[in-house]
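Next comes target-v6.txt, a file with compact mmCIF, C-alpha atoms.
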# COMPACT_ATOMS: atom_id res chain seq x y z
CA MET V 122 -46.73 10.87 -10.34
CA LEU V 123 -46.55 8.35 -13.12
CA LYS V 124 -49.56 7.63 -15.23
CA GLY V 125 -51.52 4.42 -14.84
CA ASP V 126 -51.10 2.16 -11.83
CA LEU V 127 -47.49 3.14 -11.13
CA THR V 128 -48.20 5.52 -8.26
CA LEU V 129 -46.86 5.66 -4.73
CA PRO V 130 -49.24 5.44 -1.75
CA ARG V 131 -49.80 8.54 0.31
CA GLY V 132 -47.19 8.79 3.04
CA THR V 133 -44.44 7.01 1.10
CA LYS V 134 -40.99 8.25 2.13
CA VAL V 135 -39.24 8.93 -1.17
CA PRO V 136 -35.43 8.90 -1.04
CA ASP V 137 -33.62 12.03 -2.15
CA HIS V 138 -30.74 10.11 -3.74
CA ILE V 139 -30.84 6.66 -5.36
CA ALA V 140 -27.78 4.91 -6.76
CA ILE V 141 -28.01 1.98 -9.19
CA ILE V 142 -25.34 -0.24 -10.70
CA LEU V 143 -26.27 -1.00 -14.31
CA ASP V 144 -25.57 -4.70 -13.98
CA GLY V 145 -26.55 -7.99 -15.63
CA ASN V 146 -26.62 -7.03 -19.32
CA ARG V 147 -24.29 -9.77 -20.49
CA ARG V 148 -25.86 -12.49 -18.32
CA TRP V 149 -29.32 -11.50 -19.53
CA ALA V 150 -28.18 -11.83 -23.15
CA ARG V 151 -26.31 -15.13 -22.69
CA ALA V 152 -29.30 -16.68 -20.92
CA ARG V 153 -31.33 -15.94 -24.06
CA GLY V 154 -28.74 -17.05 -26.58
CA LEU V 155 -28.08 -13.47 -27.69
CA HIS V 156 -24.85 -11.60 -28.32
CA THR V 157 -23.72 -9.72 -25.23
CA LEU V 158 -23.96 -6.42 -27.11
CA LYS V 159 -27.71 -7.04 -27.43
CA GLY V 160 -27.81 -7.20 -23.66
CA HIS V 161 -26.05 -3.86 -23.34
CA HIS V 162 -28.52 -2.28 -25.75
CA LYS V 163 -31.49 -3.67 -23.84
CA GLY V 164 -29.95 -2.54 -20.55
CA PHE V 165 -29.39 0.92 -22.02
CA GLU V 166 -33.10 1.20 -22.83
CA ALA V 167 -34.08 -0.08 -19.38
CA GLY V 168 -31.75 2.43 -17.75
CA LYS V 169 -33.36 5.34 -19.61
CA SER V 170 -36.83 4.16 -18.60
CA ILE V 171 -35.83 3.85 -14.95
CA ALA V 172 -34.17 7.29 -14.96
CA LYS V 173 -37.36 8.88 -16.28
CA ALA V 174 -39.48 7.00 -13.74
CA ALA V 175 -37.19 8.15 -10.93
CA ARG V 176 -37.80 11.80 -11.82
CA GLU V 177 -41.55 11.33 -12.06
CA LEU V 178 -41.63 9.51 -8.72
CA GLY V 179 -39.95 12.48 -7.05
CA ILE V 180 -36.31 11.36 -6.83
CA HIS V 181 -34.04 14.39 -6.80
CA THR V 182 -30.66 12.74 -7.41
CA LEU V 183 -30.05 9.55 -9.37
CA THR V 184 -26.62 7.98 -9.75
CA VAL V 185 -26.09 5.28 -12.38
CA TRP V 186 -22.80 3.38 -12.64
CA GLY V 187 -22.19 2.21 -16.18
CA PHE V 188 -18.45 1.57 -16.43
CA SER V 189 -15.89 0.95 -13.69
CA THR V 190 -12.14 1.50 -13.58
CA GLU V 191 -11.82 -2.30 -13.81
CA ASN V 192 -13.97 -2.65 -16.93
CA TRP V 193 -11.11 -1.74 -19.29
CA ASP V 194 -10.08 -5.41 -19.37
CA ARG V 195 -13.07 -6.23 -21.59
CA THR V 196 -12.69 -6.76 -25.33
CA ASP V 197 -12.04 -3.77 -27.60
CA ASP V 198 -15.29 -4.44 -29.46
CA GLU V 199 -17.35 -4.41 -26.27
CA ILE V 200 -15.67 -1.28 -24.93
CA SER V 201 -16.14 0.49 -28.26
CA TYR V 202 -19.84 -0.42 -28.31
CA LEU V 203 -20.32 0.72 -24.71
CA MET V 204 -18.67 4.08 -25.39
CA LYS V 205 -21.04 4.61 -28.32
CA LEU V 206 -23.99 3.78 -26.05
CA PHE V 207 -22.73 6.23 -23.41
CA SER V 208 -22.39 8.92 -26.07
CA ARG V 209 -25.96 8.30 -27.18
CA PHE V 210 -27.10 8.30 -23.56
CA VAL V 211 -25.60 11.74 -22.96
CA LYS V 212 -27.28 13.08 -26.10
CA ASP V 213 -30.64 11.59 -25.06
CA VAL V 214 -30.33 13.12 -21.60
CA MET V 215 -29.64 16.52 -23.08
CA LYS V 216 -32.86 16.33 -25.09
CA GLU V 217 -34.77 16.37 -21.79
CA ALA V 218 -32.32 18.17 -19.50
CA HIS V 219 -33.40 21.73 -20.28
CA GLN V 220 -37.11 20.91 -20.24
CA ASN V 221 -36.92 19.05 -16.91
CA GLN V 222 -34.07 21.05 -15.32
CA ILE V 223 -31.75 18.08 -14.97
CA ARG V 224 -28.18 18.73 -13.96
CA PHE V 225 -25.83 16.24 -15.64
CA VAL V 226 -22.72 15.28 -13.65
CA HIS V 227 -19.96 12.86 -14.61
CA LEU V 228 -18.42 10.84 -11.77
CA GLY V 229 -15.00 9.31 -12.40
CA ARG V 230 -11.97 9.91 -14.59
CA LYS V 231 -12.05 11.70 -17.92
CA ASP V 232 -8.46 11.13 -19.03
CA ARG V 233 -9.05 7.60 -20.38
CA LEU V 234 -12.45 8.07 -22.05
CA PRO V 235 -12.67 8.76 -25.82
CA LYS V 236 -12.10 12.44 -26.56
CA ALA V 237 -15.40 12.80 -28.40
CA LEU V 238 -17.30 11.38 -25.40
CA VAL V 239 -15.40 13.62 -22.99
CA SER V 240 -16.30 16.63 -25.11
CA GLU V 241 -20.00 15.70 -25.00
CA ILE V 242 -19.83 15.13 -21.24
CA GLN V 243 -18.15 18.47 -20.57
CA LYS V 244 -20.67 20.27 -22.77
CA ALA V 245 -23.56 18.61 -20.93
CA GLU V 246 -22.06 19.46 -17.54
CA GLU V 247 -21.51 23.08 -18.47
CA GLU V 248 -24.96 23.63 -20.01
CA THR V 249 -26.82 22.10 -17.06
CA ARG V 250 -24.62 23.30 -14.19
CA HIS V 251 -27.21 25.82 -12.94
CA TYR V 252 -30.14 23.34 -12.73
CA THR V 253 -31.25 22.28 -9.25
CA LYS V 254 -34.54 20.43 -9.76
CA HIS V 255 -32.89 17.08 -10.57
CA VAL V 256 -29.36 15.69 -10.64
CA LEU V 257 -28.25 12.78 -12.81
CA ASN V 258 -24.84 11.42 -11.87
CA VAL V 259 -23.34 9.14 -14.53
CA ALA V 260 -20.37 7.14 -13.27
CA LEU V 261 -18.02 6.26 -16.16
CA ASP V 262 -14.48 5.01 -15.60
CA TYR V 263 -15.39 5.29 -11.94
CA GLY V 264 -13.97 3.46 -8.92
CA GLY V 265 -14.62 4.22 -5.27
CA ARG V 266 -11.01 3.93 -4.20
CA ASP V 267 -9.95 5.95 -7.23
CA GLU V 268 -12.35 8.74 -6.26
CA ILE V 269 -10.93 8.90 -2.73
CA MET V 270 -7.35 8.87 -4.06
CA ARG V 271 -8.13 11.67 -6.53
CA ALA V 272 -9.75 13.72 -3.76
CA THR V 273 -6.73 13.21 -1.51
CA LYS V 274 -4.31 14.28 -4.24
CA LYS V 275 -6.37 17.45 -4.89
CA ILE V 276 -6.22 18.33 -1.19
CA ILE V 277 -2.44 17.88 -1.20
CA ARG V 278 -2.07 19.96 -4.39
CA ASP V 279 -4.13 22.74 -2.84
CA GLY V 280 -1.76 22.85 0.11
CA ILE V 281 -4.44 22.16 2.71
CA SER V 282 -2.85 21.73 6.14
CA GLU V 283 -3.65 18.74 8.35
CA ASP V 284 -5.57 20.77 10.92
CA GLN V 285 -7.90 22.13 8.21
CA ILE V 286 -9.03 18.71 7.05
CA ASP V 287 -12.35 17.43 8.39
CA GLU V 288 -15.23 15.41 6.91
CA LYS V 289 -16.93 18.46 5.43
CA LEU V 290 -13.80 19.59 3.63
CA PHE V 291 -12.96 16.11 2.39
CA SER V 292 -16.50 15.65 1.08
CA SER V 293 -16.17 18.85 -0.93
CA TYR V 294 -13.28 17.33 -2.89
CA LEU V 295 -15.24 14.25 -3.94
CA ASP V 296 -17.01 14.00 -7.31
CA THR V 297 -20.33 14.87 -5.62
CA GLY V 298 -18.78 17.70 -3.58
CA ASP V 299 -21.10 20.54 -4.58
CA GLN V 300 -24.38 18.63 -4.71
CA LEU V 301 -27.47 19.19 -2.59
CA TYR V 302 -27.86 15.47 -1.81
CA PRO V 303 -24.41 13.88 -2.14
CA TYR V 304 -25.20 11.05 0.27
CA VAL V 305 -27.06 8.03 -1.08
CA ASP V 306 -30.31 7.08 0.63
CA LEU V 307 -31.08 3.93 -1.38
CA PHE V 308 -28.65 1.71 -3.27
CA ILE V 309 -30.15 -0.75 -5.77
CA ARG V 310 -28.04 -3.64 -7.07
CA PRO V 311 -29.65 -5.70 -9.87
CA SER V 312 -28.76 -9.14 -11.16
CA GLY V 313 -28.78 -10.89 -7.80
CA GLU V 314 -25.32 -9.61 -6.87
CA GLN V 315 -24.94 -8.69 -3.20
CA ARG V 316 -22.02 -6.30 -2.99
CA THR V 317 -21.48 -2.59 -3.55
CA SER V 318 -18.35 -3.13 -5.72
CA GLY V 319 -16.96 0.14 -4.38
CA LEU V 320 -19.63 2.54 -5.62
CA LEU V 321 -19.49 5.84 -3.70
CA PRO V 322 -17.95 4.32 -0.53
CA TRP V 323 -17.86 7.67 1.29
CA GLN V 324 -21.34 8.74 0.20
CA MET V 325 -23.04 5.37 0.90
CA THR V 326 -22.10 5.05 4.57
CA TYR V 327 -25.75 5.03 5.65
CA ALA V 328 -27.39 3.94 2.40
CA GLU V 329 -30.19 1.41 2.58
CA ILE V 330 -29.43 -1.54 0.29
CA TYR V 331 -31.96 -3.25 -1.97
CA TRP V 332 -30.93 -6.44 -3.77
CA GLU V 333 -32.83 -6.91 -7.04
CA GLU V 334 -32.85 -10.44 -8.48
CA ASP V 335 -33.66 -9.44 -12.07
CA HIS V 336 -30.95 -8.34 -14.50
CA LEU V 337 -30.98 -4.70 -15.59
CA PRO V 338 -32.51 -5.39 -19.06
CA ALA V 339 -35.54 -6.98 -17.34
CA MET V 340 -36.06 -4.09 -14.95
CA THR V 341 -39.00 -1.73 -15.37
CA PRO V 342 -40.31 1.34 -13.51
CA GLU V 343 -42.38 -1.13 -11.47
CA HIS V 344 -39.13 -2.60 -10.10
CA LEU V 345 -38.09 0.90 -9.03
CA LYS V 346 -41.44 1.45 -7.34
CA ARG V 347 -41.03 -1.77 -5.34
CA ALA V 348 -37.57 -0.72 -4.21
CA ILE V 349 -38.84 2.69 -3.10
CA LEU V 350 -41.73 1.14 -1.16
CA ASP V 351 -39.31 -1.27 0.51
CA TYR V 352 -37.09 1.68 1.43
CA SER V 353 -40.08 3.63 2.75
CA ARG V 354 -40.86 0.87 5.25
CA ARG V 355 -37.44 1.03 6.87
CA ARG V 356 -36.70 3.08 9.98
CA ARG V 357 -33.36 4.83 9.52
CA ARG V 358 -31.56 5.51 12.80
CA PHE V 359 -28.19 6.81 11.49
CA GLY V 360 -26.49 5.27 14.51
CA GLY V 361 -28.81 6.97 17.02
CA ASN V 362 -32.17 6.34 18.63
CA ASP V 363 -35.60 6.47 17.03
CA ASN V 364 -39.05 7.24 18.38
CA MET V 365 -40.60 3.78 18.47
CA PHE V 366 -42.18 3.59 21.92
CA HIS V 367 -45.33 1.55 21.26
CA PHE V 368 -43.84 -1.90 20.70
CA ARG V 369 -43.20 -2.90 24.30
CA PHE V 370 -45.61 -5.83 24.27
CA LYS V 371 -44.77 -9.23 25.73
CA PRO V 372 -44.78 -11.79 22.89
CA GLU V 373 -46.20 -14.57 25.05
CA VAL V 374 -49.07 -12.34 26.26
CA VAL V 375 -50.06 -11.15 22.78
CA ALA V 376 -49.82 -14.68 21.40
CA GLY V 377 -52.04 -15.99 24.19
CA PHE V 378 -54.59 -13.26 23.55
CA GLU V 379 -54.66 -13.98 19.82
CA VAL V 380 -55.01 -17.75 20.10
CA ASN V 381 -57.85 -17.32 22.58
CA TRP V 382 -59.43 -14.88 20.14
CA TRP V 383 -59.08 -17.52 17.43
CA ARG V 384 -60.66 -20.12 19.70
CA LEU V 385 -63.36 -17.84 21.19
CA SER V 386 -64.31 -20.50 23.72
CA LYS V 387 -61.14 -19.75 25.71
CA ILE V 388 -62.09 -16.13 26.40
CA PRO V 389 -62.60 -15.88 30.18
CA LYS V 390 -66.20 -16.25 31.34
CA GLY V 391 -67.89 -13.00 32.19
CA THR V 392 -65.65 -11.06 29.80
CA LYS V 393 -67.35 -9.25 26.97
CA PHE V 394 -65.73 -9.99 23.62
CA VAL V 395 -65.12 -6.28 22.95
CA ASP V 396 -63.39 -5.97 26.35
CA TYR V 397 -61.20 -8.93 25.55
CA ALA V 398 -60.36 -7.57 22.10
CA MET V 399 -59.60 -4.21 23.70
CA LYS V 400 -57.07 -5.81 26.07
CA HIS V 401 -55.49 -7.67 23.16
CA LEU V 402 -55.06 -4.53 21.02
CA LYS V 403 -53.96 -2.45 24.00
CA GLU V 404 -51.15 -4.93 24.66
CA GLN V 405 -50.17 -5.41 21.02
CA TRP V 406 -50.09 -1.76 19.94
CA GLY V 407 -49.55 0.09 23.21
CA LEU V 408 -52.82 2.00 22.84
CA SER V 409 -54.73 3.82 25.55
CA LYS V 410 -57.84 2.05 26.87
CA ASN V 411 -60.19 4.38 24.96
CA LEU V 412 -58.35 4.02 21.66
CA ALA V 413 -58.04 0.27 22.12
CA THR V 414 -61.81 0.05 22.70
CA ASP V 415 -62.54 2.02 19.53
CA ALA V 416 -60.11 -0.14 17.59
CA ALA V 417 -61.61 -3.34 19.01
CA LYS V 418 -65.11 -2.36 17.90
CA LEU V 419 -63.88 -1.71 14.35
CA MET V 420 -61.97 -4.99 14.21
CA ILE V 421 -64.90 -7.02 15.55
CA GLU V 422 -67.27 -5.45 13.03
CA ALA V 423 -64.83 -6.21 10.21
CA ILE V 424 -64.46 -9.86 11.21
CA SER V 425 -68.22 -10.25 11.63
CA GLN V 426 -68.92 -8.78 8.20
CA GLY V 427 -66.19 -10.92 6.67
CA GLU V 428 -67.81 -14.07 8.08
CA GLN V 429 -70.99 -12.97 6.29
CA SER V 430 -68.97 -12.44 3.06
CA LYS V 431 -69.67 -8.72 3.24
CA TRP V 432 -66.09 -8.01 2.25
CA ASP V 433 -66.61 -4.41 1.06
CA LYS V 434 -68.06 -3.43 4.42
CA ALA V 435 -65.34 -5.38 6.23
CA SER V 436 -62.71 -3.53 4.21
CA LYS V 437 -64.15 -0.12 5.14
CA ARG V 438 -64.05 -1.01 8.84
CA LEU V 439 -60.45 -2.23 8.51
CA VAL V 440 -59.41 0.98 6.77
CA LYS V 441 -60.78 2.96 9.73
CA PHE V 442 -59.09 0.52 12.13
CA TYR V 443 -55.68 0.92 10.49
CA LYS V 444 -56.07 4.69 10.22
CA LEU V 445 -56.61 4.79 13.97
CA ILE V 446 -53.54 2.60 14.53
CA ARG V 447 -51.41 4.62 12.10
CA ASP V 448 -52.32 7.99 13.63
CA GLU V 449 -51.51 6.76 17.14
CA VAL V 450 -48.41 4.65 16.52
CA LYS V 451 -47.01 7.09 13.92
CA LEU V 452 -46.07 4.48 11.33
CA ALA V 453 -46.29 5.72 7.74
CA PHE V 454 -48.24 2.82 6.27
CA GLU V 455 -51.24 3.29 3.99
CA PRO V 456 -54.46 2.09 5.75
CA LYS V 457 -56.11 1.05 2.47
CA ILE V 458 -53.17 -1.19 1.55
CA ALA V 459 -53.03 -2.72 5.04
CA ALA V 460 -56.77 -3.37 4.98
CA SER V 461 -56.62 -4.88 1.50
CA LEU V 462 -53.84 -7.28 2.51
CA GLU V 463 -55.72 -8.31 5.66
CA ILE V 464 -58.89 -8.95 3.64
CA HIS V 465 -56.89 -11.22 1.31
CA LEU V 466 -55.55 -13.09 4.34
CA LEU V 467 -59.02 -13.43 5.89
CA ARG V 468 -60.42 -14.80 2.63
CA LYS V 469 -57.53 -17.18 2.07
CA LYS V 470 -58.52 -20.82 2.57
CA VAL V 471 -55.75 -22.88 4.18
CA ASP V 472 -55.02 -26.28 2.65
CA VAL V 473 -54.24 -28.57 5.58
CA THR V 474 -52.81 -31.25 3.28
CA THR V 475 -49.65 -29.18 2.85
CA ASP V 476 -47.16 -27.97 5.48
CA PHE V 477 -48.35 -24.42 5.05
CA SER V 478 -49.36 -22.14 2.21
CA GLU V 479 -46.56 -20.31 0.41
CA GLU V 480 -49.20 -17.88 -0.82
CA THR V 481 -50.26 -17.19 2.76
CA GLU V 482 -46.63 -16.66 3.73
CA SER V 483 -46.11 -14.27 0.80
CA LEU V 484 -49.25 -12.27 1.65
CA THR V 485 -48.24 -12.19 5.31
CA ARG V 486 -44.77 -10.92 4.42
CA LYS V 487 -46.31 -8.08 2.41
CA PHE V 488 -48.72 -7.32 5.26
CA VAL V 489 -45.98 -7.27 7.93
CA SER V 490 -43.72 -5.16 5.71
CA GLU V 491 -46.47 -2.64 5.05
CA VAL V 492 -47.88 -2.27 8.56
CA TYR V 493 -44.71 -2.52 10.65
CA ARG V 494 -42.57 -0.56 8.18
CA ILE V 495 -39.77 -3.05 7.69
CA SER V 496 -38.29 -4.43 4.49
CA ASP V 497 -39.50 -7.63 2.84
CA PHE V 498 -36.22 -9.27 3.85
CA GLN V 499 -36.64 -8.23 7.48
CA ALA V 500 -40.24 -9.47 7.47
CA SER V 501 -39.43 -12.92 6.08
CA LYS V 502 -38.81 -14.73 9.38
CA ALA V 503 -41.88 -13.30 11.09
CA ALA V 504 -44.07 -14.03 8.06
CA HIS V 505 -42.95 -17.66 7.96
CA LEU V 506 -43.79 -18.12 11.64
CA ARG V 507 -47.23 -16.52 11.32
CA ALA V 508 -48.04 -18.67 8.27
CA LEU V 509 -47.06 -21.68 10.37
CA ALA V 510 -49.39 -20.53 13.17
CA VAL V 511 -52.27 -20.07 10.71
CA HIS V 512 -51.72 -23.58 9.38
CA GLU V 513 -51.72 -25.05 12.90
CA ARG V 514 -54.94 -23.15 13.59
CA ALA V 515 -56.53 -24.69 10.48
CA LEU V 516 -55.50 -28.18 11.61
CA ALA V 517 -56.98 -27.59 15.07
CA GLU V 518 -60.24 -26.18 13.68
CA ARG V 519 -60.61 -29.19 11.40
CA GLY V 520 -60.38 -31.58 14.32
CA TYR V 521 -56.82 -32.88 13.93
CA GLY V 522 -56.13 -32.59 17.64
CA GLU V 523 -55.94 -30.18 20.56
CA GLU V 524 -52.14 -30.14 20.34
CA HIS V 525 -52.35 -28.01 17.22
CA TRP V 526 -53.72 -25.11 19.26
CA LYS V 527 -50.62 -25.34 21.42
CA LYS V 528 -48.40 -25.40 18.33
CA ALA V 529 -50.29 -22.41 16.93
CA GLU V 530 -49.68 -20.46 20.12
CA GLU V 531 -45.98 -21.41 20.14
CA ALA V 532 -45.59 -20.27 16.52
CA LEU V 533 -47.46 -17.03 17.28
CA GLU V 534 -45.22 -16.32 20.27
CA ARG V 535 -42.16 -16.81 18.06
CA TYR V 536 -43.80 -14.59 15.44
CA TYR V 537 -44.33 -11.74 17.89
CA ARG V 538 -40.83 -12.21 19.29
CA ALA V 539 -39.33 -12.00 15.78
CA LEU V 540 -41.50 -8.97 15.07
CA LYS V 541 -40.46 -7.22 18.27
CA ASP V 542 -36.80 -7.91 17.51
CA ARG V 543 -37.27 -5.91 14.32
CA VAL V 544 -39.49 -3.02 15.35
CA ALA V 545 -39.11 -2.46 19.09
Target encoding C-alpha cells, full file:
Amino acid sequence: MLKGDLTLPRGTKVPDHIAIILDGNRRWARARGLHTLKGHHKGFEAGKSIAKAARELGIHTLTVWGFSTENWDRTDDEISYLMKLFSRFVKDVMKEAHQNQIRFVHLGRKDRLPKALVSEIQKAEEETRHYTKHVLNVALDYGGRDEIMRATKKIIRDGISEDQIDEKLFSSYLDTGDQLYPYVDLFIRPSGEQRTSGLLPWQMTYAEIYWEEDHLPAMTPEHLKRAILDYSRRRRRFGGNDNMFHFRFKPEVVAGFEVNWWRLSKIPKGTKFVDYAMKHLKEQWGLSKNLATDAAKLMIEAISQGEQSKWDKASKRLVKFYKLIRDEVKLAFEPKIAASLEIHLLRKKVDVTTDFSEETESLTRKFVSEVYRISDFQASKAAHLRALAVHERALAERGYGEEHWKKAEEALERYYRALKDRVA
C-alpha cells in the first residue's frame, strides 16, 4: 500500500489490468498560457507518478498509450520532443524494472520510430522478458485497427488454415499475446474525452470505463485511487448472470416504510418501533427476521445516539449495522466508510430556502455508490431523487404543509425504483 492517506479500503476489488490514454497535455498547457511542450513534460511526470502508484496499489498490468498511428501528423518539433520524452521514459522505467520485477512491453509498430528509441525499447524488452510480478505496456505508434491487421497478416504468413483459427489463437498473435492478463479490466480516459479511440479493441471487450475530467498533467495517484474504488463498486457480469438475490424489494413498500419511520406518528398503533424497523429492513435488504431484528436494534440505537449528539457512539453502532448487512448481502463495501457517510448525512442540516442541497446530493451519491456497489455515474439519478426526498421531508417537518410528506414519499419511491433498476 501507498504511504499516507492513499490506501484502499479492505475488500476493494483491484483490477488486474488498467489501461490509460495519456491525454490532455496540450489542452492543459494552452489553458495556462504555456507552450504545448510544457504540457507534455508535465504529463510525462504525471504518468510516471501514476505508474508507480499503480504498482503500489496492487495493479499487475498497466497499459499507457502515449502515441497513436495518427499522431504523425503533428509538427516535427512536437514529434521530436515526444520521442525524446519516450526515450527518457524507457530509461527511467529500467532504473526500477529490475528492482520491482517489471516486464516492459512495447505495443505497436517499431518500423517508424527513431532507431535509437527502438534500440532502447528492444533492450528493455529483452532484459525484462522473464519478469512476472508486473507488466508495463507502453503503446507507441499504436492503433487498434493496425494491431488487428498486423496480427492477421502474421497468421497468414504462418500458413494457419481457416479451421485452426479461433479466439485463443487470434489472441496469441496480438501485441499482448503472451501476457498473463491481456484483457483490460479498467480503462481510464482523462481530459473529459468519452471515447476509446481504438485502444486495444480486442482486449477491451469487457473493460469497465472510467471518464476522468482532469487532463493528464493534473492527475495524481489520488485520481487513480478514485478510479479503482469506482471500479470496485461495479458488478461485472461478462454477459451472464450474477448472484444478487437480495434486492427483490417493492419500491413503494420500502418508501412507505421509510416515510412512516421519518414521521414516527404514522407507525401503526400497537406496533413496537423495533418491530416496525425490523419489517422495514427485512423488506429493503431481504434479511431473515432474526437478522432484520438485530439490524433494527443497531440502527435505532445509532439514530437515538445521533439525536443526543453522541456521534462517536452512533458511528460504532452503524459500523456494526453495516457489517451485518455486508456479511449477509455479500456486497464488498467497507462498513466504516458506509457508517461515516451516513453520519455525515445525519448531521447535515437541510436549508429549506433552496431547492435541495447539492452537498447532500453529493454525499448521498458517495453513500449509494459505496453501499450498493455501483459507480458514481450509475448512482447519480438515485442520489438526486433521495436528496429531493430529504428536502421535502425538511419542508414537511418545518410546517410547510402536509403535501410535502406525500412528495417525499413519491421521491423516495422513485429513488428505490432507480436503485433497484441498477442493483437488482
Nearby residues (only C-alpha atoms) at most 8 Å from Thr133 of chain V, same-chain spacing under 2 positions excluded, as a count of residues only: 8
Contacts of Lys163 of chain V within 7 Å, all atoms listed in the file, excl. fewer than 4 positions in-chain, as a ChimeraX atom specification: /V:159,167,338
Can those selected residues be exported to a file as a PDB file, keeping the file's coordinate frame so that it contains C-alpha atoms?
ATOM      1  CA  LYS V 159     -27.710  -7.040 -27.430  1.00  0.00           C
ATOM      2  CA  ALA V 167     -34.080  -0.080 -19.380  1.00  0.00           C
ATOM      3  CA  PRO V 338     -32.510  -5.390 -19.060  1.00  0.00           C
TER       4      PRO V 338
END
Residues near Leu183 of chain V, cut-off 8 Å, only C-alpha atoms, skip fewer than 6 positions along chain, as a list in words: His138, Ile139, Ala140, Ile141, Ala172, Ala175, Val256, Leu257 and Asn258 of chain V
For His336 of chain V, the nearest of the candidates V:Ala348, V:Ile281, V:Ile424, V:Leu143, counting all atoms listed in the file: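 Comparing V:Ala348, V:Ile281, V:Ile424, V:Leu143 against His336 of chain V, the winner is V:Leu143.
Atom to atom, atom CA of Glu513 of chain V and atom CA of Phe442 of chain V stand 26.6 Å apart.
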Nearest to Glu314 of chain V, chosen from V:Lys346, V:Ile286, V:Phe188, V:Asp144, with all atoms listed in the file counted in the distances: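 Among the listed residues, V:Asp144 lies closest to Glu314 of chain V.
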Can you find the residues with an atom no farther than 8 Å from (-30.8, 15.0, -12.9), counting all atoms listed in the file, and report them as a CSV table (one decimal) with C-alpha atoms, keeping the file's coordinate frame?
chain,number,residue,atom,x,y,z
V,176,ARG,CA,-37.8,11.8,-11.8
V,181,HIS,CA,-34.0,14.4,-6.8
V,182,THR,CA,-30.7,12.7,-7.4
V,183,LEU,CA,-30.0,9.6,-9.4
V,218,ALA,CA,-32.3,18.2,-19.5
V,222,GLN,CA,-34.1,21.0,-15.3
V,223,ILE,CA,-31.8,18.1,-15.0
V,224,ARG,CA,-28.2,18.7,-14.0
V,225,PHE,CA,-25.8,16.2,-15.6
V,254,LYS,CA,-34.5,20.4,-9.8
V,255,HIS,CA,-32.9,17.1,-10.6
V,256,VAL,CA,-29.4,15.7,-10.6
V,257,LEU,CA,-28.2,12.8,-12.8
V,258,ASN,CA,-24.8,11.4,-11.9
Residue list as a PyMOL selection string for point (-63.9, -6.0, 20.1), cut-off 10 Å, only C-alpha atoms: chain V and resi 382+393-402+413-424
Option closest in space to Ser189 of chain V, from V:Glu523, V:Glu248, V:Asp448, V:Glu268 [counting all atoms listed in the file]: V:Glu268
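In this structure, atom CA of Leu484 of chain V sits 22.2 Å away from atom CA of Trp526 of chain V.
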Length of the atom CA of Tyr304 of chain V to atom CA of Gln324 of chain V vector [Å]: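 Between atom CA of Tyr304 of chain V and atom CA of Gln324 of chain V the gap is 4.5 Å.
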Nearest-residue call for Ser496 of chain V, choices V:Ile180, V:Ile349, V:Leu206, V:Met325, using only C-alpha atoms: V:Ile349
Non-local contacts of Arg147 of chain V (7 Å; only C-alpha atoms; under 5 positions in same chain excluded) as a PyMOL selection string: chain V and resi 157+160-161
Distance criterion (only C-alpha atoms): nearest to Tyr302 of chain V out of V:Arg494, V:Gln243, V:Asp137, V:Gly391: V:Asp137
Shell of 9 Å around Ile446 of chain V, all atoms listed in the file, local chain residues under 5 positions omitted, as number ranges by chain: V: 406, 408, 412, 416, 441, 451-452, 456
Restrict the selected residues to C-alpha atoms and save them as an mmCIF file, in the coordinates of the input.
data_model
loop_
_atom_site.group_PDB
_atom_site.id
_atom_site.type_symbol
_atom_site.label_atom_id
_atom_site.label_comp_id
_atom_site.auth_asym_id
_atom_site.auth_seq_id
_atom_site.Cartn_x
_atom_site.Cartn_y
_atom_site.Cartn_z
ATOM 1 C CA TRP V 406 -50.090 -1.760 19.940
ATOM 2 C CA LEU V 408 -52.820 2.000 22.840
ATOM 3 C CA LEU V 412 -58.350 4.020 21.660
ATOM 4 C CA ALA V 416 -60.110 -0.140 17.590
ATOM 5 C CA LYS V 441 -60.780 2.960 9.730
ATOM 6 C CA LYS V 451 -47.010 7.090 13.920
ATOM 7 C CA LEU V 452 -46.070 4.480 11.330
ATOM 8 C CA PRO V 456 -54.460 2.090 5.750
#
Could you model N, CA and C atoms for segment 463-471 of chain V and present them as a PDB file, in the frame of the given file?
ATOM      1  N   GLU V 463     -55.058  -7.520   4.610  1.00  0.00           N
ATOM      2  CA  GLU V 463     -55.720  -8.310   5.660  1.00  0.00           C
ATOM      3  C   GLU V 463     -56.973  -9.005   5.112  1.00  0.00           C
ATOM      4  N   ILE V 464     -57.708  -8.336   4.253  1.00  0.00           N
ATOM      5  CA  ILE V 464     -58.890  -8.950   3.640  1.00  0.00           C
ATOM      6  C   ILE V 464     -58.463 -10.186   2.835  1.00  0.00           C
ATOM      7  N   HIS V 465     -57.393 -10.074   2.083  1.00  0.00           N
ATOM      8  CA  HIS V 465     -56.890 -11.220   1.310  1.00  0.00           C
ATOM      9  C   HIS V 465     -56.524 -12.372   2.238  1.00  0.00           C
ATOM     10  N   LEU V 466     -55.925 -12.050   3.383  1.00  0.00           N
ATOM     11  CA  LEU V 466     -55.550 -13.090   4.340  1.00  0.00           C
ATOM     12  C   LEU V 466     -56.789 -13.727   4.969  1.00  0.00           C
ATOM     13  N   LEU V 467     -57.798 -12.902   5.289  1.00  0.00           N
ATOM     14  CA  LEU V 467     -59.020 -13.430   5.890  1.00  0.00           C
ATOM     15  C   LEU V 467     -59.774 -14.337   4.916  1.00  0.00           C
ATOM     16  N   ARG V 468     -59.701 -14.020   3.640  1.00  0.00           N
ATOM     17  CA  ARG V 468     -60.420 -14.800   2.630  1.00  0.00           C
ATOM     18  C   ARG V 468     -59.656 -16.042   2.190  1.00  0.00           C
ATOM     19  N   LYS V 469     -58.370 -16.077   2.526  1.00  0.00           N
ATOM     20  CA  LYS V 469     -57.530 -17.180   2.070  1.00  0.00           C
ATOM     21  C   LYS V 469     -57.916 -18.479   2.787  1.00  0.00           C
ATOM     22  N   LYS V 470     -58.197 -19.512   2.014  1.00  0.00           N
ATOM     23  CA  LYS V 470     -58.520 -20.820   2.570  1.00  0.00           C
ATOM     24  C   LYS V 470     -57.229 -21.638   2.713  1.00  0.00           C
ATOM     25  N   VAL V 471     -56.980 -22.128   3.912  1.00  0.00           N
ATOM     26  CA  VAL V 471     -55.750 -22.880   4.180  1.00  0.00           C
ATOM     27  C   VAL V 471     -55.938 -24.346   3.814  1.00  0.00           C
TER      28      VAL V 471
END
